[in-house]
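> Before I ask anything, here is the structure I am working with.
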Amino acid sequence: VSTTVLPHQPQARVAPRPGPEPSYLNVAFGVRSWLLTTDHKRIAILYLVSVTVMFFVGGAAATLVRLNLLSGNSEWVDHDTYNKLFTMHGIIMVFFFLVPVIPATLGNFLVPMMIGAKDLAFPRLNLASWYVYVIGAAFTVWAMLSGGVDTGWTFYTPFSTRASTTNVIPTAVGILIAGFSTVFTGLNFIVTIHRMRAPGLTWFRLPLFLWSMYATSVIIMLATPVLAMTLLLVAVERATASLTRTWVATRYCSSTSSGSTPTRRSTSWSCRPWASPARSCRVSHGKISSVITSSPSPASPSRCSASSSGPTTCSSAASRFTPRLSSRC
Amino acid sequence: MTLLAQFSPFPEQASDMAARVDDLTIFLVTVTGTVGFLVTVCVIGFALHYRRRDDPKTPRIYGSWRLETLWSVIPLVFFLAFFVWGARIYVDQAQPPEDAYTVYGVGKQWMWKFQHPGGQREINELHLPVNRPVQLLLTSEDVIHDVYVPAFRMKTDVLPRRFVQTWYHPTRVGRYHLFCAEYCGTNHSQMRGWVVVQEPGEYEAWLNSHAEGSLALQGRKHFLRLQCVGCHSADAEARAPVLENLYGRTVPLADGTFTVADENYLRESILRPQAKVVAGWQPIMPSYDGLLPDKSENLGQEEVLIQLLAYLKALGSGQTPPRNEEMAPPVQATAPQAGQKKDGKP
């Protein structure tokens with residue numbers, strides 16, 4: 001019912017309707033009515049809120065990156081943290097903001113209205129997609145806050161599979177989960193646009209927005225499984241990296257343990273064959289060992305060998321060159 | 001003009017590719033900027049013109065095939081121009097000229113190592129003569145890197161486990177930034193250096209002051225150290241094909257196919273010998289993956305490979321060393337810590 005009052009209906013002005021019109025916003029109240037809704041408009045609002053939250057989380061990471069750049073050479077955060085920050089920004093913005101923002105909010109809200117349907121084809125699947133999204137987002141944010149990821153959002157191999165020592169697999173799992181949410185939404189739109197158009201709304205009369213949503217959904221259905229496959233391959237390769245003897249295993253001890261054990265950056269130098277012995281001692285032990293390397297003493301070999309065959313970092317692959325390090329130090 | 005140059009958004013133009021890339025960039029930005037401006041004007045203009053008015057009648061607008069064709073074909077012409085222009089530059093960037101000499105480079109976390117044909121090695125610096133094309137054969141010890149010289153407008157992804165090539169033709173003497181342009185881990189931002197372009201005389205002087213014996217000669221040492229000659233010998237008892245004049249030749253394989261013996265084939269044949277077995281020979285060669293590094297020289301696998309390749313590329317008829325050649329003991333053997341493991345002795 002329109003709010004404009006037509007002049008030939010004077011009685012409407014005399015007796016206005018009490019209270020606001022019923023709408024998707026006031027049809028019910030309370031947390032349950034939102035969290036258990038199957039109304040496409042309410043789900044669109046749920047998405048809008050959660051996507052906005054993720055936008056601010058990703059934005060916070062970008063802000064920290066920018067602040068660090070502002071600080072010039074003083075470097076407010078160290079290199080690894082910086083890398084984790086821009087990775088966090090990229091992953092959140094790409095997978096949890098850019099991908100869902102238009103289809104899941106605008107599309108959810110507008111597609112049924114624009115084709116003359118009461119709701120999407122699968123309302124409960126629609127709600128489920130939001131829950132899956134929230135689970136994936138929570139999982140990813142947890143993975144990135146509890147240790148972080150430093151691969152960049154592209155997860156390029158072999159950096160992500162062999163070299164990085166961060167939470168690559170948990171993050172990939174979080175993105176994988178969120179991928180199901182995207183697929184649910186895309187599937188819903190495709191079925192809805194195919195089956196629920198109003199009579200007479202032929203394909204060539206579809207508004208451009210619906211065409212774009214349809215095209216987006218097709219791309220989602222085709223591309224998301226490929227993304228899932230590649231993420232799984234990264235995870236599998238990473239998980240098996242410590243089991244198979246690989247080309248990097250001979251020169252990186254930090255990465256042979258990368259499948260499970262994070263390695264401190266300061267110790268990883270001692271595992272690298274190209275790092276000179278003196279350098280690895282210095283990097284490992286800071287001031288103390290730089291004194292040692294500058295004045296060789298009987299005490300130094302034991303200290304250096306202790307550093308180069310550290311208990312967690314250089315367990316197996318390091319053994320090939322550990323003797324050399326200790327003997328020279 | 002100098003004032004303009006100071007505020008120019010472009011870095012210096014120090015290679016013959018730089019001006020071409022800049023011209024294309026300016027063309028792209030001009031066209032897209034103009035179109036973007038016109039679209040913005042149209043959006044605002046139409047929003048005002050078709051705003052809600054008191055008269056609710058909207059005009060009935062029929063489509064126009066002529067207009068639609070016009071605004072489809074004109075952009076298509078521009079897109080094709082972008083494509084053809086860009087593809088020409090891309091193809092030229094990918095193919096070094098015939099007379100280019102070769103410099104080898106290895107990217108590793110987090111440094112660049114270069115080796116010149118004369119054996120000169122440098123880290124995070126690359127000396128080049130001006131006005132002479134140079135081919136770079138690049139590989140990585142670990143993850144993907146990217147060698148980027150803004151003044152040359154050249155950017156090349158450097159991948160592990162294979163050689164990629166690029167080439168430069170420096171046109172101006174100077175010192176130019178060299179960056180890693182592919183995120184590669186903790187100190188990616190520190191993985192940078194300088195390209196030093198010198199006059200030919202200066203460059204020669206630099207080469208002479210850094211000579212270490214040619215790359216091929218160093219490769220020959222590895223050829224002996226790794227006992228390659230034990231099988232790849234020139235005598236009648238050879239258990240593997242002789243490698244003289246191999247580079248660039250077409251090699252018949254055991255499965256009946258043929259391959260060209262380029263850098264990547266040689267590389268693969270050393271690290272994974274079973275991948276392509278030469279016709280008429282038994283697949284008996286073990287993999288040398290992981291056995292190549294020369295600890296005494298602090299050389300990683302890729303660097304040793306480069307020297308071996310330089311040797312193989314230079315190996316002419318009758319130059320294979322005899323199997324019983326007298327050779328000096330390895331450096332490690334004379335050092336006091338004689339108990340340690342020798343590399344790659346089968």
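To be explicit about the labels: the chains of the structure tokens are called A, B, and onward in the order shown, and within each one the residues are counted from 1, while ligands get numbers from 1 in the order they are shown.
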So that I can see what lies close to Lys84 in chain A, please list as number ranges by chain the residues with an atom at most 12 Å from it, counting only C-alpha atoms and leaving out residues fewer than 5 positions away in the same chain.
A: 58, 61-62, 64-65, 77-79, 89-92, 143-153, 164-168, 171; B: 183, 185-186
> Given the selection you just returned, output its residues as a file containing N, CA and C atoms, formatted as a short mmCIF file (atom, residue, chain, number, x, y, z; two decimals), in the first residue's frame.

```cif
data_model
loop_
_atom_site.label_atom_id
_atom_site.label_comp_id
_atom_site.auth_asym_id
_atom_site.auth_seq_id
_atom_site.Cartn_x
_atom_site.Cartn_y
_atom_site.Cartn_z
N GLY A 58 39.54 -6.94 7.68
CA GLY A 58 40.53 -6.82 6.62
C GLY A 58 41.09 -5.42 6.52
N ALA A 61 43.76 -4.81 9.12
CA ALA A 61 45.07 -5.34 8.72
C ALA A 61 45.75 -4.39 7.73
N ALA A 62 44.97 -3.87 6.78
CA ALA A 62 45.55 -2.94 5.80
C ALA A 62 46.03 -1.67 6.49
N LEU A 64 47.19 -1.42 9.51
CA LEU A 64 48.48 -1.71 10.16
C LEU A 64 49.61 -1.74 9.14
N VAL A 65 49.33 -2.30 7.96
CA VAL A 65 50.34 -2.30 6.90
C VAL A 65 50.74 -0.87 6.56
N VAL A 77 56.58 -3.07 12.79
CA VAL A 77 56.44 -4.51 13.00
C VAL A 77 57.56 -5.21 12.23
N ASP A 78 57.90 -6.43 12.62
CA ASP A 78 58.99 -7.11 11.90
C ASP A 78 58.48 -7.67 10.57
N HIS A 79 59.43 -8.18 9.78
CA HIS A 79 59.08 -8.57 8.41
C HIS A 79 58.00 -9.64 8.37
N HIS A 89 44.99 -9.24 5.19
CA HIS A 89 44.18 -8.26 4.45
C HIS A 89 43.69 -8.87 3.14
N GLY A 90 44.61 -9.48 2.40
CA GLY A 90 44.25 -10.02 1.09
C GLY A 90 43.23 -11.14 1.20
N ILE A 91 43.49 -12.08 2.10
CA ILE A 91 42.60 -13.24 2.20
C ILE A 91 41.21 -12.83 2.63
N ILE A 92 41.13 -11.96 3.64
CA ILE A 92 39.81 -11.55 4.12
C ILE A 92 39.08 -10.75 3.06
N ALA A 143 42.61 -18.90 12.43
CA ALA A 143 43.90 -19.40 11.94
C ALA A 143 44.88 -18.26 11.76
N MET A 144 44.37 -17.11 11.36
CA MET A 144 45.28 -16.01 11.07
C MET A 144 45.67 -15.24 12.32
N LEU A 145 44.79 -15.27 13.33
CA LEU A 145 45.15 -14.59 14.57
C LEU A 145 46.05 -15.47 15.44
N SER A 146 45.85 -16.79 15.38
CA SER A 146 46.68 -17.68 16.19
C SER A 146 47.89 -18.14 15.39
N GLY A 147 48.75 -17.22 15.06
CA GLY A 147 49.96 -17.59 14.35
C GLY A 147 50.09 -16.92 13.00
N GLY A 148 49.01 -16.84 12.26
CA GLY A 148 49.05 -16.11 11.01
C GLY A 148 49.50 -16.93 9.82
N VAL A 149 49.36 -16.34 8.66
CA VAL A 149 49.79 -16.94 7.40
C VAL A 149 50.61 -15.89 6.66
N ASP A 150 51.65 -16.32 5.96
CA ASP A 150 52.48 -15.33 5.27
C ASP A 150 52.65 -15.65 3.80
N THR A 151 51.67 -16.30 3.19
CA THR A 151 51.86 -16.71 1.80
C THR A 151 51.32 -15.69 0.81
N GLY A 152 50.64 -14.65 1.28
CA GLY A 152 49.87 -13.84 0.36
C GLY A 152 48.60 -14.58 -0.01
N TRP A 153 47.59 -13.87 -0.49
CA TRP A 153 46.30 -14.54 -0.68
C TRP A 153 46.33 -15.52 -1.84
N SER A 164 56.99 -21.83 3.55
CA SER A 164 56.32 -21.10 4.63
C SER A 164 56.18 -21.99 5.86
N THR A 165 56.31 -21.38 7.02
CA THR A 165 56.20 -22.14 8.27
C THR A 165 54.98 -21.71 9.05
N THR A 166 54.00 -21.17 8.38
CA THR A 166 52.85 -20.59 9.08
C THR A 166 51.60 -21.44 8.91
N ASN A 167 50.47 -20.94 9.38
CA ASN A 167 49.22 -21.71 9.41
C ASN A 167 48.56 -21.80 8.04
N VAL A 168 49.23 -22.38 7.08
CA VAL A 168 48.69 -22.42 5.73
C VAL A 168 47.47 -23.34 5.66
N THR A 171 44.18 -22.07 7.30
CA THR A 171 43.59 -20.99 6.52
C THR A 171 42.95 -21.53 5.25
N TYR B 183 56.45 -12.08 -4.30
CA TYR B 183 56.58 -12.29 -2.87
C TYR B 183 57.20 -13.67 -2.57
N GLY B 185 58.68 -14.54 0.82
CA GLY B 185 58.94 -14.88 2.20
C GLY B 185 59.46 -13.72 3.02
N THR B 186 59.99 -14.08 4.19
CA THR B 186 60.29 -13.10 5.23
C THR B 186 60.97 -11.84 4.70
#
```
> Go through chain A residue by residue and, counting only C-alpha atoms, keep those with an atom at most 6 Å from chain B; for each kept residue give the shortest atom pair and its distance in Å to one decimal, ordered by chain and increasing number, as a tab-separated table.

```
residue	atom	partner	partner_atom	distance
A:His79	CA	B:Thr186	CA	5.7
A:Asp80	CA	B:Thr186	CA	5.3
A:Pro158	CA	B:Val143	CA	5.5
A:Phe159	CA	B:Val143	CA	5.3
```
> Output as number ranges by chain all residues of range 53-190 of chain B that backbone DSSP marks as strand (DSSP E).
B: 101-108, 111-115, 121-123, 125-129, 134-140, 145-149, 154-158, 164-168, 174-180
> For the residues in the current selection, export N, CA and C atoms as a compact mmCIF listing (two decimals), in the first residue's frame.

```txt
# COMPACT_ATOMS: atom_id res chain seq x y z
N TYR B 101 75.03 -12.12 -25.39
CA TYR B 101 75.82 -13.05 -24.59
C TYR B 101 75.04 -13.39 -23.34
N THR B 102 75.43 -14.46 -22.66
CA THR B 102 74.61 -15.04 -21.61
C THR B 102 75.18 -14.77 -20.23
N VAL B 103 74.32 -14.30 -19.34
CA VAL B 103 74.65 -14.21 -17.93
C VAL B 103 73.66 -15.09 -17.20
N TYR B 104 74.15 -15.87 -16.24
CA TYR B 104 73.28 -16.75 -15.48
C TYR B 104 72.92 -16.11 -14.15
N GLY B 105 71.72 -16.38 -13.70
CA GLY B 105 71.29 -15.83 -12.42
C GLY B 105 70.53 -16.85 -11.62
N VAL B 106 70.72 -16.81 -10.31
CA VAL B 106 70.00 -17.70 -9.40
C VAL B 106 69.35 -16.83 -8.34
N GLY B 107 68.05 -16.98 -8.17
CA GLY B 107 67.36 -16.31 -7.08
C GLY B 107 67.21 -17.29 -5.94
N LYS B 108 67.44 -16.82 -4.73
CA LYS B 108 67.20 -17.66 -3.56
C LYS B 108 66.78 -16.76 -2.44
N MET B 111 68.28 -13.37 -1.99
CA MET B 111 69.37 -12.67 -2.68
C MET B 111 69.38 -13.10 -4.14
N TRP B 112 70.07 -12.28 -4.93
CA TRP B 112 70.29 -12.63 -6.33
C TRP B 112 71.76 -12.95 -6.50
N LYS B 113 72.04 -14.05 -7.19
CA LYS B 113 73.42 -14.39 -7.48
C LYS B 113 73.57 -14.47 -8.99
N PHE B 114 74.57 -13.79 -9.52
CA PHE B 114 74.78 -13.80 -10.97
C PHE B 114 76.16 -14.35 -11.28
N GLN B 115 76.27 -15.03 -12.42
CA GLN B 115 77.55 -15.56 -12.88
C GLN B 115 77.74 -15.18 -14.34
N ARG B 121 81.49 -13.87 -10.35
CA ARG B 121 80.26 -14.08 -9.59
C ARG B 121 79.98 -12.84 -8.76
N GLU B 122 78.71 -12.49 -8.68
CA GLU B 122 78.37 -11.34 -7.84
C GLU B 122 77.02 -11.59 -7.18
N ILE B 123 76.81 -10.92 -6.07
CA ILE B 123 75.58 -11.08 -5.31
C ILE B 123 74.89 -9.73 -5.21
N GLU B 125 74.23 -7.67 -7.28
CA GLU B 125 74.71 -6.67 -8.22
C GLU B 125 74.84 -7.36 -9.56
N LEU B 126 74.60 -6.60 -10.60
CA LEU B 126 74.74 -7.16 -11.94
C LEU B 126 75.41 -6.11 -12.80
N HIS B 127 76.65 -6.41 -13.20
CA HIS B 127 77.37 -5.47 -14.06
C HIS B 127 77.10 -5.82 -15.53
N LEU B 128 76.74 -4.80 -16.29
CA LEU B 128 76.44 -5.01 -17.71
C LEU B 128 77.13 -3.92 -18.52
N PRO B 129 77.56 -4.26 -19.72
CA PRO B 129 78.10 -3.22 -20.61
C PRO B 129 76.95 -2.50 -21.31
N VAL B 134 72.16 -8.57 -23.68
CA VAL B 134 72.58 -9.66 -22.81
C VAL B 134 71.37 -10.54 -22.51
N GLN B 135 71.58 -11.83 -22.62
CA GLN B 135 70.53 -12.78 -22.28
C GLN B 135 70.74 -13.23 -20.85
N LEU B 136 69.66 -13.27 -20.08
CA LEU B 136 69.75 -13.78 -18.72
C LEU B 136 69.06 -15.14 -18.66
N LEU B 137 69.79 -16.14 -18.21
CA LEU B 137 69.18 -17.44 -17.95
C LEU B 137 69.04 -17.56 -16.45
N LEU B 138 67.80 -17.71 -16.00
CA LEU B 138 67.52 -17.56 -14.58
C LEU B 138 66.84 -18.79 -14.03
N THR B 139 67.16 -19.08 -12.78
CA THR B 139 66.44 -20.13 -12.08
C THR B 139 66.45 -19.80 -10.59
N SER B 140 65.73 -20.60 -9.83
CA SER B 140 65.60 -20.32 -8.41
C SER B 140 65.97 -21.54 -7.59
N HIS B 145 60.69 -16.36 -7.57
CA HIS B 145 61.13 -14.97 -7.44
C HIS B 145 60.81 -14.26 -8.75
N ASP B 146 61.13 -12.99 -8.80
CA ASP B 146 60.89 -12.25 -10.04
C ASP B 146 61.92 -11.14 -10.13
N VAL B 147 62.68 -11.17 -11.22
CA VAL B 147 63.71 -10.16 -11.37
C VAL B 147 63.12 -8.96 -12.11
N TYR B 148 63.20 -7.82 -11.47
CA TYR B 148 62.51 -6.63 -11.96
C TYR B 148 63.49 -5.46 -11.96
N VAL B 149 63.72 -4.90 -13.12
CA VAL B 149 64.57 -3.72 -13.24
C VAL B 149 63.69 -2.60 -13.80
N MET B 154 61.55 -4.24 -17.42
CA MET B 154 61.54 -5.68 -17.66
C MET B 154 61.30 -6.40 -16.35
N LYS B 155 60.41 -7.38 -16.41
CA LYS B 155 60.03 -8.12 -15.22
C LYS B 155 59.90 -9.57 -15.62
N THR B 156 60.58 -10.47 -14.94
CA THR B 156 60.57 -11.88 -15.34
C THR B 156 60.42 -12.76 -14.12
N ASP B 157 59.41 -13.61 -14.12
CA ASP B 157 59.26 -14.57 -13.04
C ASP B 157 60.39 -15.59 -13.12
N VAL B 158 61.01 -15.86 -11.98
CA VAL B 158 62.11 -16.82 -11.91
C VAL B 158 61.59 -18.03 -11.15
N VAL B 164 64.41 -19.99 -16.96
CA VAL B 164 63.63 -19.04 -17.74
C VAL B 164 64.63 -18.03 -18.32
N GLN B 165 64.23 -17.39 -19.41
CA GLN B 165 65.17 -16.45 -19.98
C GLN B 165 64.52 -15.08 -20.16
N THR B 166 65.36 -14.08 -20.10
CA THR B 166 64.95 -12.73 -20.46
C THR B 166 66.18 -12.06 -21.05
N TRP B 167 66.01 -10.86 -21.50
CA TRP B 167 67.19 -10.18 -22.06
C TRP B 167 67.04 -8.68 -21.89
N TYR B 168 68.19 -8.04 -21.80
CA TYR B 168 68.22 -6.58 -21.66
C TYR B 168 69.11 -6.00 -22.75
N GLY B 174 74.76 3.79 -15.85
CA GLY B 174 74.19 4.22 -14.57
C GLY B 174 74.00 3.05 -13.64
N ARG B 175 73.42 3.37 -12.50
CA ARG B 175 73.17 2.38 -11.45
C ARG B 175 71.67 2.33 -11.25
N TYR B 176 71.08 1.16 -11.48
CA TYR B 176 69.63 1.07 -11.46
C TYR B 176 69.17 0.01 -10.46
N HIS B 177 67.99 0.25 -9.91
CA HIS B 177 67.45 -0.68 -8.93
C HIS B 177 67.14 -2.04 -9.55
N LEU B 178 67.35 -3.05 -8.74
CA LEU B 178 66.95 -4.42 -9.09
C LEU B 178 66.10 -4.92 -7.92
N PHE B 179 64.90 -5.34 -8.23
CA PHE B 179 64.00 -5.77 -7.17
C PHE B 179 63.57 -7.21 -7.40
N CYS B 180 63.18 -7.87 -6.31
CA CYS B 180 62.40 -9.09 -6.44
C CYS B 180 60.94 -8.67 -6.46
```
> At a cut-off of 12 Å, using only C-alpha atoms, what residues contact Thr25 in chain B? Leave out same-chain residues fewer than 3 positions from it and give the result as a ChimeraX atom specification.
/B:9-10,18-22,28-33,82,85-86,89,153
> Write down as number ranges by chain the residues of range 130-332 of chain B whose backbone DSSP state falls under alpha helix (DSSP H).
B: 200-209, 215-225, 263-271, 301-314, 331-332
> To one decimal place in Å, what is the distance between CA of Ala198 in chain A and CA of Leu210 in chain A?
13.2 Å
